[in-house]
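K.L.:
Supplied structure: target31.cif, mmCIF, C-alpha atoms and all ligand atoms.
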```cif
data_query
#
loop_
_atom_site.group_PDB
_atom_site.id
_atom_site.type_symbol
_atom_site.label_atom_id
_atom_site.label_comp_id
_atom_site.auth_asym_id
_atom_site.auth_seq_id
_atom_site.Cartn_x
_atom_site.Cartn_y
_atom_site.Cartn_z
ATOM 1 C CA VAL A 1 -26.174 -47.124 -85.597
ATOM 2 C CA LYS A 2 -28.867 -49.577 -84.599
ATOM 3 C CA LYS A 3 -32.177 -48.463 -83.164
ATOM 4 C CA ILE A 4 -33.815 -50.620 -80.506
ATOM 5 C CA ALA A 5 -37.208 -50.055 -78.918
ATOM 6 C CA HIS A 6 -37.040 -51.367 -75.350
ATOM 7 C CA ILE A 7 -40.511 -51.866 -73.893
ATOM 8 C CA SER A 8 -41.322 -53.693 -70.685
ATOM 9 C CA ASP A 9 -44.025 -54.716 -68.255
ATOM 10 C CA LEU A 10 -46.979 -54.533 -70.632
ATOM 11 C CA HIS A 11 -49.186 -56.395 -68.109
ATOM 12 C CA PHE A 12 -52.172 -57.353 -70.262
ATOM 13 C CA GLY A 13 -55.118 -57.407 -67.874
ATOM 14 C CA THR A 14 -54.213 -53.926 -66.618
ATOM 15 C CA VAL A 15 -53.406 -52.253 -69.936
ATOM 16 C CA VAL A 16 -54.699 -48.764 -70.737
ATOM 17 C CA PRO A 17 -55.948 -49.196 -74.344
ATOM 18 C CA GLU A 18 -55.206 -45.587 -75.335
ATOM 19 C CA ILE A 19 -51.573 -45.923 -74.228
ATOM 20 C CA ALA A 20 -51.102 -49.268 -75.998
ATOM 21 C CA GLU A 21 -52.520 -47.829 -79.223
ATOM 22 C CA SER A 22 -50.327 -44.759 -79.022
ATOM 23 C CA LEU A 23 -47.231 -46.896 -78.406
ATOM 24 C CA LYS A 24 -48.049 -49.077 -81.402
ATOM 25 C CA LEU A 25 -48.411 -46.083 -83.738
ATOM 26 C CA LEU A 26 -45.201 -44.529 -82.436
ATOM 27 C CA LEU A 27 -43.209 -47.736 -82.915
ATOM 28 C CA HIS A 28 -44.420 -48.048 -86.502
ATOM 29 C CA ALA A 29 -43.455 -44.423 -87.159
ATOM 30 C CA GLU A 30 -39.990 -44.853 -85.585
ATOM 31 C CA ARG A 31 -39.202 -48.112 -87.423
ATOM 32 C CA PRO A 32 -36.697 -49.598 -84.946
ATOM 33 C CA ASP A 33 -34.314 -52.349 -86.091
ATOM 34 C CA LEU A 34 -35.437 -54.499 -83.164
ATOM 35 C CA VAL A 35 -38.199 -54.424 -80.551
ATOM 36 C CA ILE A 36 -37.203 -55.877 -77.173
ATOM 37 C CA ILE A 37 -39.916 -56.762 -74.648
ATOM 38 C CA SER A 38 -38.390 -57.466 -71.234
ATOM 39 C CA GLY A 39 -41.146 -59.474 -69.562
ATOM 40 C CA ASP A 40 -44.378 -59.208 -67.574
ATOM 41 C CA LEU A 41 -46.561 -59.480 -70.658
ATOM 42 C CA THR A 42 -49.572 -60.311 -68.494
ATOM 43 C CA GLN A 43 -50.933 -59.389 -65.081
ATOM 44 C CA ARG A 44 -51.940 -62.875 -63.912
ATOM 45 C CA ALA A 45 -50.763 -65.301 -66.629
ATOM 46 C CA ARG A 46 -54.365 -66.000 -67.711
ATOM 47 C CA SER A 47 -55.151 -67.348 -71.187
ATOM 48 C CA GLY A 48 -57.200 -64.325 -72.183
ATOM 49 C CA GLN A 49 -54.391 -61.994 -71.116
ATOM 50 C CA TYR A 50 -51.884 -64.046 -73.110
ATOM 51 C CA LYS A 51 -54.126 -63.950 -76.177
ATOM 52 C CA ASP A 52 -54.390 -60.165 -75.939
ATOM 53 C CA ALA A 53 -50.619 -59.860 -75.427
ATOM 54 C CA LYS A 54 -49.897 -62.076 -78.433
ATOM 55 C CA GLU A 55 -52.292 -60.120 -80.638
ATOM 56 C CA TYR A 56 -50.652 -56.878 -79.548
ATOM 57 C CA LEU A 57 -47.089 -58.135 -80.129
ATOM 58 C CA ASP A 58 -48.126 -59.299 -83.597
ATOM 59 C CA SER A 59 -49.345 -55.766 -84.329
ATOM 60 C CA LEU A 60 -45.960 -54.211 -83.441
ATOM 61 C CA PRO A 61 -42.955 -53.954 -85.801
ATOM 62 C CA GLN A 62 -40.710 -56.987 -86.239
ATOM 63 C CA PRO A 63 -38.215 -58.438 -85.448
ATOM 64 C CA GLN A 64 -38.830 -58.848 -81.748
ATOM 65 C CA LEU A 65 -37.040 -60.472 -78.836
ATOM 66 C CA VAL A 66 -39.244 -61.358 -75.862
ATOM 67 C CA VAL A 67 -38.494 -62.819 -72.421
ATOM 68 C CA PRO A 68 -41.014 -63.753 -69.691
ATOM 69 C CA GLY A 69 -41.414 -62.016 -66.327
ATOM 70 C CA ASN A 70 -42.641 -63.100 -62.906
ATOM 71 C CA HIS A 71 -46.224 -62.079 -63.718
ATOM 72 C CA ASP A 72 -46.139 -64.549 -66.616
ATOM 73 C CA VAL A 73 -45.985 -67.348 -64.014
ATOM 74 C CA PRO A 74 -49.319 -67.975 -62.214
ATOM 75 C CA LEU A 75 -49.143 -66.761 -58.595
ATOM 76 C CA PHE A 76 -52.319 -68.119 -56.991
ATOM 77 C CA ASN A 77 -52.866 -71.334 -58.962
ATOM 78 C CA VAL A 78 -50.252 -73.372 -57.095
ATOM 79 C CA PHE A 79 -50.550 -76.419 -59.361
ATOM 80 C CA ALA A 80 -49.830 -74.393 -62.466
ATOM 81 C CA ARG A 81 -47.273 -72.276 -60.648
ATOM 82 C CA PHE A 82 -45.077 -75.215 -59.674
ATOM 83 C CA LEU A 83 -45.889 -77.876 -62.287
ATOM 84 C CA ALA A 84 -46.124 -75.819 -65.471
ATOM 85 C CA PRO A 85 -45.067 -72.285 -64.548
ATOM 86 C CA LEU A 86 -44.681 -70.899 -68.067
ATOM 87 C CA ALA A 87 -47.218 -73.090 -69.896
ATOM 88 C CA GLY A 88 -49.288 -70.097 -71.002
ATOM 89 C CA TYR A 89 -46.226 -68.179 -72.142
ATOM 90 C CA LYS A 90 -45.017 -71.180 -74.149
ATOM 91 C CA ARG A 91 -48.434 -71.783 -75.640
ATOM 92 C CA TYR A 92 -49.272 -68.226 -76.668
ATOM 93 C CA ILE A 93 -46.009 -66.265 -76.885
ATOM 94 C CA SER A 94 -42.986 -68.497 -77.519
ATOM 95 C CA ASP A 95 -41.559 -71.815 -76.390
ATOM 96 C CA ASP A 96 -38.065 -70.332 -76.619
ATOM 97 C CA LEU A 97 -37.443 -68.971 -73.114
ATOM 98 C CA ASP A 98 -33.842 -67.908 -73.783
ATOM 99 C CA PRO A 99 -34.153 -66.387 -77.279
ATOM 100 C CA VAL A 100 -31.270 -65.027 -79.361
ATOM 101 C CA TYR A 101 -31.271 -62.278 -81.973
ATOM 102 C CA GLU A 102 -28.229 -61.662 -84.134
ATOM 103 C CA ASP A 103 -27.441 -59.451 -87.107
ATOM 104 C CA ASP A 104 -24.275 -57.832 -88.518
ATOM 105 C CA ASP A 105 -23.953 -55.389 -85.606
ATOM 106 C CA LEU A 106 -25.844 -56.876 -82.675
ATOM 107 C CA VAL A 107 -25.887 -60.006 -80.558
ATOM 108 C CA VAL A 108 -28.882 -59.990 -78.213
ATOM 109 C CA LEU A 109 -29.269 -62.801 -75.692
ATOM 110 C CA GLY A 110 -32.558 -63.178 -73.832
ATOM 111 C CA LEU A 111 -32.633 -65.041 -70.522
ATOM 112 C CA ASN A 112 -35.656 -66.311 -68.601
ATOM 113 C CA THR A 113 -35.361 -65.245 -64.944
ATOM 114 C CA ALA A 114 -38.972 -66.036 -63.924
ATOM 115 C CA ARG A 115 -39.194 -68.737 -61.239
ATOM 116 C CA SER A 116 -41.917 -70.525 -59.286
ATOM 117 C CA PHE A 117 -40.157 -70.440 -55.906
ATOM 118 C CA THR A 118 -38.596 -66.980 -55.951
ATOM 119 C CA TRP A 119 -41.704 -65.674 -57.710
ATOM 120 C CA LYS A 120 -41.065 -61.980 -57.220
ATOM 121 C CA ASN A 121 -37.301 -61.553 -57.516
ATOM 122 C CA GLY A 122 -36.375 -64.189 -60.073
ATOM 123 C CA ARG A 123 -33.045 -65.926 -60.537
ATOM 124 C CA VAL A 124 -30.517 -67.067 -63.093
ATOM 125 C CA SER A 125 -29.413 -70.702 -62.951
ATOM 126 C CA PRO A 126 -25.807 -71.979 -62.935
ATOM 127 C CA GLU A 127 -26.558 -73.494 -66.373
ATOM 128 C CA GLN A 128 -27.643 -70.095 -67.679
ATOM 129 C CA ILE A 129 -24.472 -68.526 -66.283
ATOM 130 C CA SER A 130 -22.234 -71.002 -68.120
ATOM 131 C CA TYR A 131 -24.324 -70.633 -71.281
ATOM 132 C CA ILE A 132 -23.969 -66.825 -71.194
ATOM 133 C CA LYS A 133 -20.276 -67.105 -70.409
ATOM 134 C CA GLN A 134 -19.741 -69.400 -73.373
ATOM 135 C CA ARG A 135 -21.773 -67.159 -75.709
ATOM 136 C CA ILE A 136 -20.164 -63.888 -74.665
ATOM 137 C CA CYS A 137 -16.592 -64.964 -73.914
ATOM 138 C CA GLY A 138 -16.369 -67.110 -77.021
ATOM 139 C CA ALA A 139 -17.431 -64.334 -79.417
ATOM 140 C CA LYS A 140 -14.797 -63.529 -82.013
ATOM 141 C CA GLU A 141 -16.468 -60.748 -83.957
ATOM 142 C CA ARG A 142 -16.909 -57.316 -82.426
ATOM 143 C CA LYS A 143 -20.593 -56.637 -82.136
ATOM 144 C CA VAL A 144 -22.677 -54.751 -79.593
ATOM 145 C CA THR A 145 -23.576 -57.500 -77.123
ATOM 146 C CA ILE A 146 -26.775 -57.172 -75.109
ATOM 147 C CA LEU A 147 -28.307 -59.324 -72.362
ATOM 148 C CA VAL A 148 -32.064 -59.062 -71.846
ATOM 149 C CA THR A 149 -33.804 -60.263 -68.676
ATOM 150 C CA HIS A 150 -36.969 -59.296 -66.834
ATOM 151 C CA HIS A 151 -35.312 -58.893 -63.442
ATOM 152 C CA PRO A 152 -32.584 -56.263 -63.060
ATOM 153 C CA PHE A 153 -28.879 -56.652 -62.341
ATOM 154 C CA LEU A 154 -28.642 -53.120 -60.957
ATOM 155 C CA PRO A 155 -30.939 -52.017 -58.112
ATOM 156 C CA PRO A 156 -32.906 -48.779 -58.453
ATOM 157 C CA PRO A 157 -31.016 -45.799 -56.957
ATOM 158 C CA GLU A 158 -32.759 -45.945 -53.571
ATOM 159 C CA GLN A 159 -32.871 -49.733 -53.162
ATOM 160 C CA GLY A 160 -30.322 -52.227 -51.852
ATOM 161 C CA LYS A 161 -28.988 -55.539 -53.050
ATOM 162 C CA GLY A 162 -32.152 -57.487 -52.265
ATOM 163 C CA ALA A 163 -33.677 -55.899 -55.330
ATOM 164 C CA VAL A 164 -31.480 -57.565 -57.932
ATOM 165 C CA VAL A 165 -32.025 -60.923 -59.625
ATOM 166 C CA GLY A 166 -30.746 -64.000 -57.764
ATOM 167 C CA ARG A 167 -27.115 -64.866 -58.676
ATOM 168 C CA ALA A 168 -26.623 -61.461 -60.337
ATOM 169 C CA ARG A 169 -23.167 -61.129 -58.829
ATOM 170 C CA GLU A 170 -22.152 -64.650 -59.887
ATOM 171 C CA LEU A 171 -23.128 -64.000 -63.503
ATOM 172 C CA LEU A 172 -21.389 -60.611 -63.626
ATOM 173 C CA LYS A 173 -18.237 -62.055 -62.072
ATOM 174 C CA ALA A 174 -18.224 -64.992 -64.505
ATOM 175 C CA ILE A 175 -18.248 -62.690 -67.536
ATOM 176 C CA ASP A 176 -16.152 -59.847 -66.099
ATOM 177 C CA GLU A 177 -13.245 -60.551 -68.458
ATOM 178 C CA CYS A 178 -15.515 -60.750 -71.485
ATOM 179 C CA ASP A 179 -17.284 -58.124 -73.454
ATOM 180 C CA LEU A 180 -20.898 -57.591 -72.495
ATOM 181 C CA ASP A 181 -21.903 -54.046 -73.411
ATOM 182 C CA LEU A 182 -25.456 -53.603 -72.281
ATOM 183 C CA MET A 183 -28.084 -55.188 -70.027
ATOM 184 C CA LEU A 184 -31.768 -54.385 -70.488
ATOM 185 C CA ALA A 185 -34.496 -55.247 -67.989
ATOM 186 C CA GLY A 186 -37.687 -54.004 -66.332
ATOM 187 C CA HIS A 187 -39.706 -55.282 -63.334
ATOM 188 C CA PHE A 188 -39.635 -52.190 -61.064
ATOM 189 C CA HIS A 189 -41.730 -50.012 -63.375
ATOM 190 C CA GLN A 190 -38.962 -47.470 -62.994
ATOM 191 C CA SER A 191 -36.551 -46.172 -65.639
ATOM 192 C CA TYR A 192 -32.921 -45.641 -64.672
ATOM 193 C CA SER A 193 -29.470 -46.478 -65.979
ATOM 194 C CA GLY A 194 -25.919 -46.875 -64.755
ATOM 195 C CA GLY A 195 -22.820 -49.059 -64.775
ATOM 196 C CA THR A 196 -22.595 -52.366 -62.902
ATOM 197 C CA SER A 197 -19.321 -51.350 -61.225
ATOM 198 C CA GLU A 198 -21.257 -48.660 -59.328
ATOM 199 C CA ALA A 199 -22.916 -51.396 -57.326
ATOM 200 C CA TYR A 200 -20.412 -54.252 -57.594
ATOM 201 C CA THR A 201 -16.976 -52.996 -56.630
ATOM 202 C CA LEU A 202 -15.316 -56.343 -57.315
ATOM 203 C CA LEU A 203 -15.878 -55.957 -61.066
ATOM 204 C CA GLU A 204 -13.012 -54.819 -63.289
ATOM 205 C CA ASN A 205 -15.270 -54.026 -66.224
ATOM 206 C CA SER A 206 -18.517 -52.145 -66.098
ATOM 207 C CA THR A 207 -21.547 -53.141 -68.133
ATOM 208 C CA LEU A 208 -24.154 -50.479 -68.840
ATOM 209 C CA VAL A 209 -27.584 -51.278 -67.385
ATOM 210 C CA VAL A 210 -30.685 -49.633 -68.864
ATOM 211 C CA GLN A 211 -34.017 -50.177 -67.111
ATOM 212 C CA ALA A 212 -37.446 -49.512 -68.573
ATOM 213 C CA GLY A 213 -40.641 -48.470 -66.807
ATOM 214 C CA THR A 214 -44.021 -50.040 -67.519
ATOM 215 C CA ALA A 215 -45.101 -49.224 -71.055
ATOM 216 C CA THR A 216 -48.833 -49.809 -70.844
ATOM 217 C CA SER A 217 -50.063 -50.870 -67.375
ATOM 218 C CA HIS A 218 -52.158 -48.572 -65.198
ATOM 219 C CA ARG A 219 -50.307 -50.085 -62.233
ATOM 220 C CA THR A 220 -47.582 -47.482 -62.235
ATOM 221 C CA LYS A 221 -45.817 -46.734 -58.981
ATOM 222 C CA ASP A 222 -44.141 -43.332 -58.672
ATOM 223 C CA GLU A 223 -43.490 -42.976 -62.381
ATOM 224 C CA ARG A 224 -45.665 -42.454 -65.397
ATOM 225 C CA ASN A 225 -45.748 -44.992 -68.242
ATOM 226 C CA SER A 226 -42.610 -45.031 -70.340
ATOM 227 C CA PHE A 227 -40.369 -46.947 -72.703
ATOM 228 C CA ASN A 228 -36.837 -46.504 -74.045
ATOM 229 C CA MET A 229 -35.708 -45.809 -77.587
ATOM 230 C CA ILE A 230 -32.060 -46.864 -77.703
ATOM 231 C CA GLU A 231 -29.517 -46.087 -80.386
ATOM 232 C CA THR A 232 -26.257 -47.987 -80.209
ATOM 233 C CA GLU A 233 -23.074 -48.787 -82.018
ATOM 234 C CA GLU A 234 -19.741 -50.116 -80.749
ATOM 235 C CA GLY A 235 -18.824 -48.113 -77.612
ATOM 236 C CA PHE A 236 -21.866 -45.840 -77.797
ATOM 237 C CA VAL A 237 -25.349 -45.924 -76.292
ATOM 238 C CA ARG A 238 -28.002 -43.192 -76.476
ATOM 239 C CA VAL A 239 -31.176 -43.735 -74.480
ATOM 240 C CA SER A 240 -34.223 -41.614 -75.183
ATOM 241 C CA ILE A 241 -36.773 -42.070 -72.384
ATOM 242 C CA ARG A 242 -40.287 -41.567 -73.750
ATOM 243 C CA THR A 243 -42.852 -40.822 -71.082
ATOM 244 C CA TRP A 244 -46.661 -40.748 -71.284
ATOM 245 C CA ASN A 245 -47.872 -37.204 -70.670
ATOM 246 C CA GLY A 246 -51.572 -38.070 -70.537
ATOM 247 C CA ALA A 247 -52.099 -37.763 -74.272
ATOM 248 C CA ALA A 248 -48.879 -38.941 -75.977
ATOM 249 C CA PHE A 249 -45.412 -40.342 -75.390
ATOM 250 C CA GLU A 250 -42.880 -37.516 -75.315
ATOM 251 C CA GLU A 251 -39.119 -37.519 -74.853
ATOM 252 C CA GLU A 252 -38.587 -36.822 -71.170
ATOM 253 C CA ARG A 253 -34.801 -37.044 -71.145
ATOM 254 C CA VAL A 254 -31.826 -38.387 -73.086
ATOM 255 C CA GLU A 255 -28.878 -40.251 -71.566
ATOM 256 C CA VAL A 256 -25.757 -40.667 -73.709
ATOM 257 C CA TYR A 257 -22.962 -43.047 -72.729
ATOM 258 C CA ARG A 258 -19.563 -43.708 -74.282
ATOM 259 C CA GLU A 259 -17.318 -46.621 -73.431
ATOM 260 C CA ASP A 260 -14.016 -45.427 -71.994
ATOM 261 C CA GLY A 261 -11.664 -48.315 -71.334
ATOM 262 C CA ASN A 262 -13.341 -50.550 -68.780
ATOM 263 C CA HIS A 263 -16.307 -48.377 -67.941
ATOM 264 C CA TRP A 264 -19.122 -46.334 -69.467
ATOM 265 C CA GLU A 265 -18.983 -42.585 -69.134
ATOM 266 C CA ARG A 266 -21.948 -40.291 -69.341
ATOM 267 C CA GLU A 267 -21.777 -37.640 -72.078
ATOM 268 C CA ASP A 268 -21.823 -34.853 -69.487
ATOM 269 C CA HIS A 269 -18.432 -36.313 -68.374
ATOM 270 C CA LYS A 270 -19.751 -37.512 -65.073
ATOM 271 C CA PRO A 271 -18.009 -40.843 -64.556
ATOM 272 C CA ILE A 272 -20.347 -43.797 -64.201
ATOM 273 C CA ARG A 273 -17.812 -45.515 -61.971
ATOM 274 C CA ASP A 274 -18.507 -43.565 -58.811
ATOM 275 C CA THR A 275 -15.593 -43.840 -56.404
ATOM 276 C CA THR A 276 -16.930 -41.559 -53.686
ATOM 277 C CA GLU A 277 -17.097 -42.799 -50.121
ATOM 278 C CA GLU A 278 -20.868 -42.797 -50.242
ATOM 279 C CA ALA A 279 -20.870 -45.165 -53.202
ATOM 280 C CA GLU A 280 -18.448 -47.446 -51.373
ATOM 281 C CA ASN A 281 -20.757 -47.530 -48.371
ATOM 282 C CA GLN A 282 -23.733 -48.412 -50.518
ATOM 283 C CA SER A 283 -21.741 -51.061 -52.320
ATOM 284 C CA ILE A 284 -23.375 -54.403 -52.712
ATOM 285 C CA THR A 285 -20.154 -56.345 -52.584
ATOM 286 C CA SER A 286 -18.524 -54.671 -49.598
ATOM 287 C CA ARG A 287 -20.872 -56.408 -47.203
HETATM 288 FE FE FE A 301 -44.091 -55.686 -63.908
HETATM 289 FE FE FE A 302 -41.964 -58.124 -62.708
#
```
Have the structure of the file written as structure tokens, please.

P.N.:
Amino acid sequence: VKKIAHISDLHFGTVVPEIAESLKLLLHAERPDLVIISGDLTQRARSGQYKDAKEYLDSLPQPQLVVPGNHDVPLFNVFARFLAPLAGYKRYISDDLDPVYEDDDLVVLGLNTARSFTWKNGRVSPEQISYIKQRICGAKERKVTILVTHHPFLPPPEQGKGAVVGRARELLKAIDECDLDLMLAGHFHQSYSGGTSEAYTLLENSTLVVQAGTATSHRTKDERNSFNMIETEEGFVRVSIRTWNGAAFEEERVEVYREDGNHWEREDHKPIRDTTEEAENQSITSR
């Protein structure tokens, strides 16, 4: 079983130092096999914020896989936004915008979804779709395969299709026959999980989506700060959601999923593939 710390939306510039320190200590105590940071490292893509983010990432356990988020592209400086949108990210964090991590049990593919034009919602490109298709559909060995983006492929429970990353459906359709197990993202500062076939009824195979809240920013919406500690092996995912209680991160809930044929089933035997009429009506693909 591999242990992955999934942290997101650090937002240096709006970080609560006490929370960041507590997270760092906890990660060192937990010793995950991999730390995944799913974007929005900064609040406004400023150099000082990038320097602080870099220093913080260097203080966390390794190895790490990091992708940028929309806040890592300047919003108000239009020259930088359109001419060199991720210059700061490349300079201070990494010039690899679509990083890959691989070991004996895991293949983790990071994808940059941050864009200058669709600043808020992000997008995947046709080139990225064919790259992911080739990586995932060409895999011979059985490993847990994970896609990491900043923007989500599954909308939060109460939001519609406008909330997902641009070309989400195209990417999911392109890899439907292949074996992608898990998708990790952030962006909404909200933690939730579920199968892709809940929202996309045209899919034959469901991929499990796990979303993380904001780990360290004081700009929380309806939820407190949180991150996910994920344990996974072939056909199995256990998500422990750790929430800030004002003094420490504590385990708020645990969600256990097992792969059953073409979909993921929750341990309490509630099927992830929801075939009720209500789910059909809310379906992204039926309209
Ligand atoms: Fe964010
Ligand atoms: Fe974001």

K.L.:
7 Å from ligand FE 301 (chain A) is the threshold here; counting all atoms listed in the file, which polymer residues fall inside it? Answer as a ChimeraX atom specification.

P.N.:
/A:9,11,40,71,187-189,214

K.L.:
Please, which residues are within 7 Å of (-24.5, -41.3, -75.5) by the file's coordinates, counting all atoms listed in the file, and could they come as a list in words?

P.N.:
Phe236, Val237, Arg238, Glu255, Val256, Tyr257, Arg258, Arg266 and Glu267 of chain A

K.L.:
Counting all atoms listed in the file, which residues of chain A fall within 10 Å of ligand FE 302 (chain A), and what is the closest atom pair for each with its distance in Å at one decimal, ordered by chain and rising number, as CSV?

P.N.:
```
residue,atom,partner,partner_atom,distance
A:Ser8,CA,A:FE302,FE,9.1
A:Asp9,CA,A:FE302,FE,6.8
A:His11,CA,A:FE302,FE,9.2
A:Ser38,CA,A:FE302,FE,9.3
A:Gly39,CA,A:FE302,FE,7.0
A:Asp40,CA,A:FE302,FE,5.5
A:Leu41,CA,A:FE302,FE,9.3
A:Thr42,CA,A:FE302,FE,9.8
A:Gln43,CA,A:FE302,FE,9.4
A:Pro68,CA,A:FE302,FE,9.0
A:Gly69,CA,A:FE302,FE,5.3
A:Asn70,CA,A:FE302,FE,5.0
A:His71,CA,A:FE302,FE,5.9
A:Asp72,CA,A:FE302,FE,8.6
A:Thr113,CA,A:FE302,FE,10.0
A:Ala114,CA,A:FE302,FE,8.5
A:Trp119,CA,A:FE302,FE,9.1
A:Lys120,CA,A:FE302,FE,6.8
A:Asn121,CA,A:FE302,FE,7.8
A:Gly122,CA,A:FE302,FE,8.7
A:His150,CA,A:FE302,FE,6.6
A:His151,CA,A:FE302,FE,6.7
A:Pro152,CA,A:FE302,FE,9.6
A:Ala185,CA,A:FE302,FE,9.6
A:Gly186,CA,A:FE302,FE,7.0
A:His187,CA,A:FE302,FE,3.7
A:Phe188,CA,A:FE302,FE,6.6
A:His189,CA,A:FE302,FE,8.1
A:Thr214,CA,A:FE302,FE,9.6
```

K.L.:
Go through A:Gly138, A:Gly48, A:Gly213, A:Gly162 one by one, measure the shortest atom-to-atom distance of each to A:Leu180 using only C-alpha atoms, and give the residue with the smallest value.

P.N.:
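For A:Leu180, the nearest of the candidates is A:Gly138.
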
K.L.:
Report the distance between atom CA of A:Val35 and atom CA of A:Thr149 in Å, rounded to one decimal place.

P.N.:
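One can read the atom CA of A:Val35 to atom CA of A:Thr149 distance as 13.9 Å.
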
K.L.:
Taking the file as shown, what set of residues would the PyMOL selection byres (((chain A and resi 259) around 10) and not hetatm) give back, as a PDB file with C-alpha atoms, keeping the file's coordinate frame?

P.N.:
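Written out: result-v3.pdb:
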```
ATOM      1  CA  ASP A 181     -21.903 -54.046 -73.411  1.00  0.00           C
ATOM      2  CA  SER A 206     -18.517 -52.145 -66.098  1.00  0.00           C
ATOM      3  CA  THR A 207     -21.547 -53.141 -68.133  1.00  0.00           C
ATOM      4  CA  LEU A 208     -24.154 -50.479 -68.840  1.00  0.00           C
ATOM      5  CA  GLU A 234     -19.741 -50.116 -80.749  1.00  0.00           C
ATOM      6  CA  GLY A 235     -18.824 -48.113 -77.612  1.00  0.00           C
ATOM      7  CA  PHE A 236     -21.866 -45.840 -77.797  1.00  0.00           C
ATOM      8  CA  VAL A 237     -25.349 -45.924 -76.292  1.00  0.00           C
ATOM      9  CA  TYR A 257     -22.962 -43.047 -72.729  1.00  0.00           C
ATOM     10  CA  ARG A 258     -19.563 -43.708 -74.282  1.00  0.00           C
ATOM     11  CA  ASP A 260     -14.016 -45.427 -71.994  1.00  0.00           C
ATOM     12  CA  GLY A 261     -11.664 -48.315 -71.334  1.00  0.00           C
ATOM     13  CA  ASN A 262     -13.341 -50.550 -68.780  1.00  0.00           C
ATOM     14  CA  HIS A 263     -16.307 -48.377 -67.941  1.00  0.00           C
ATOM     15  CA  TRP A 264     -19.122 -46.334 -69.467  1.00  0.00           C
ATOM     16  CA  GLU A 265     -18.983 -42.585 -69.134  1.00  0.00           C
ATOM     17  CA  ARG A 266     -21.948 -40.291 -69.341  1.00  0.00           C
TER      18      ARG A 266
END
```

K.L.:
Using all atoms listed in the file for the distances, tell me which of A:Arg219, A:Lys140, A:Arg169, A:Arg224 is nearest to A:Asn245.

P.N.:
A:Arg224

K.L.:
I would like the residues chosen by the PyMOL selection byres (((chain A and resi 136) around 12) and not hetatm) on the shown file; could you give them as a CSV table (one decimal) with C-alpha atoms, in the coordinates of the input?

P.N.:
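Printed below is out.csv as written:
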```csv
chain,number,residue,atom,x,y,z
A,107,VAL,CA,-25.9,-60.0,-80.6
A,108,VAL,CA,-28.9,-60.0,-78.2
A,109,LEU,CA,-29.3,-62.8,-75.7
A,128,GLN,CA,-27.6,-70.1,-67.7
A,129,ILE,CA,-24.5,-68.5,-66.3
A,130,SER,CA,-22.2,-71.0,-68.1
A,131,TYR,CA,-24.3,-70.6,-71.3
A,132,ILE,CA,-24.0,-66.8,-71.2
A,133,LYS,CA,-20.3,-67.1,-70.4
A,134,GLN,CA,-19.7,-69.4,-73.4
A,135,ARG,CA,-21.8,-67.2,-75.7
A,137,CYS,CA,-16.6,-65.0,-73.9
A,138,GLY,CA,-16.4,-67.1,-77.0
A,139,ALA,CA,-17.4,-64.3,-79.4
A,140,LYS,CA,-14.8,-63.5,-82.0
A,141,GLU,CA,-16.5,-60.7,-84.0
A,142,ARG,CA,-16.9,-57.3,-82.4
A,143,LYS,CA,-20.6,-56.6,-82.1
A,144,VAL,CA,-22.7,-54.8,-79.6
A,145,THR,CA,-23.6,-57.5,-77.1
A,146,ILE,CA,-26.8,-57.2,-75.1
A,147,LEU,CA,-28.3,-59.3,-72.4
A,171,LEU,CA,-23.1,-64.0,-63.5
A,172,LEU,CA,-21.4,-60.6,-63.6
A,174,ALA,CA,-18.2,-65.0,-64.5
A,175,ILE,CA,-18.2,-62.7,-67.5
A,176,ASP,CA,-16.2,-59.8,-66.1
A,177,GLU,CA,-13.2,-60.6,-68.5
A,178,CYS,CA,-15.5,-60.8,-71.5
A,179,ASP,CA,-17.3,-58.1,-73.5
A,180,LEU,CA,-20.9,-57.6,-72.5
A,181,ASP,CA,-21.9,-54.0,-73.4
A,182,LEU,CA,-25.5,-53.6,-72.3
```

K.L.:
Between atom CA of A:Glu251 and atom CA of A:Pro63, what is the distance, to one decimal in Å?

P.N.:
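Pair atom CA of A:Glu251 / atom CA of A:Pro63 returns 23.5 Å.
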
K.L.:
Enumerate, as a ChimeraX atom specification, the protein, DNA and RNA residues whose atoms approach (-35.0, -64.6, -83.3) to within 9 Å, taking into account only C-alpha atoms and the coordinate frame of the file.

P.N.:
/A:63-65,99-102
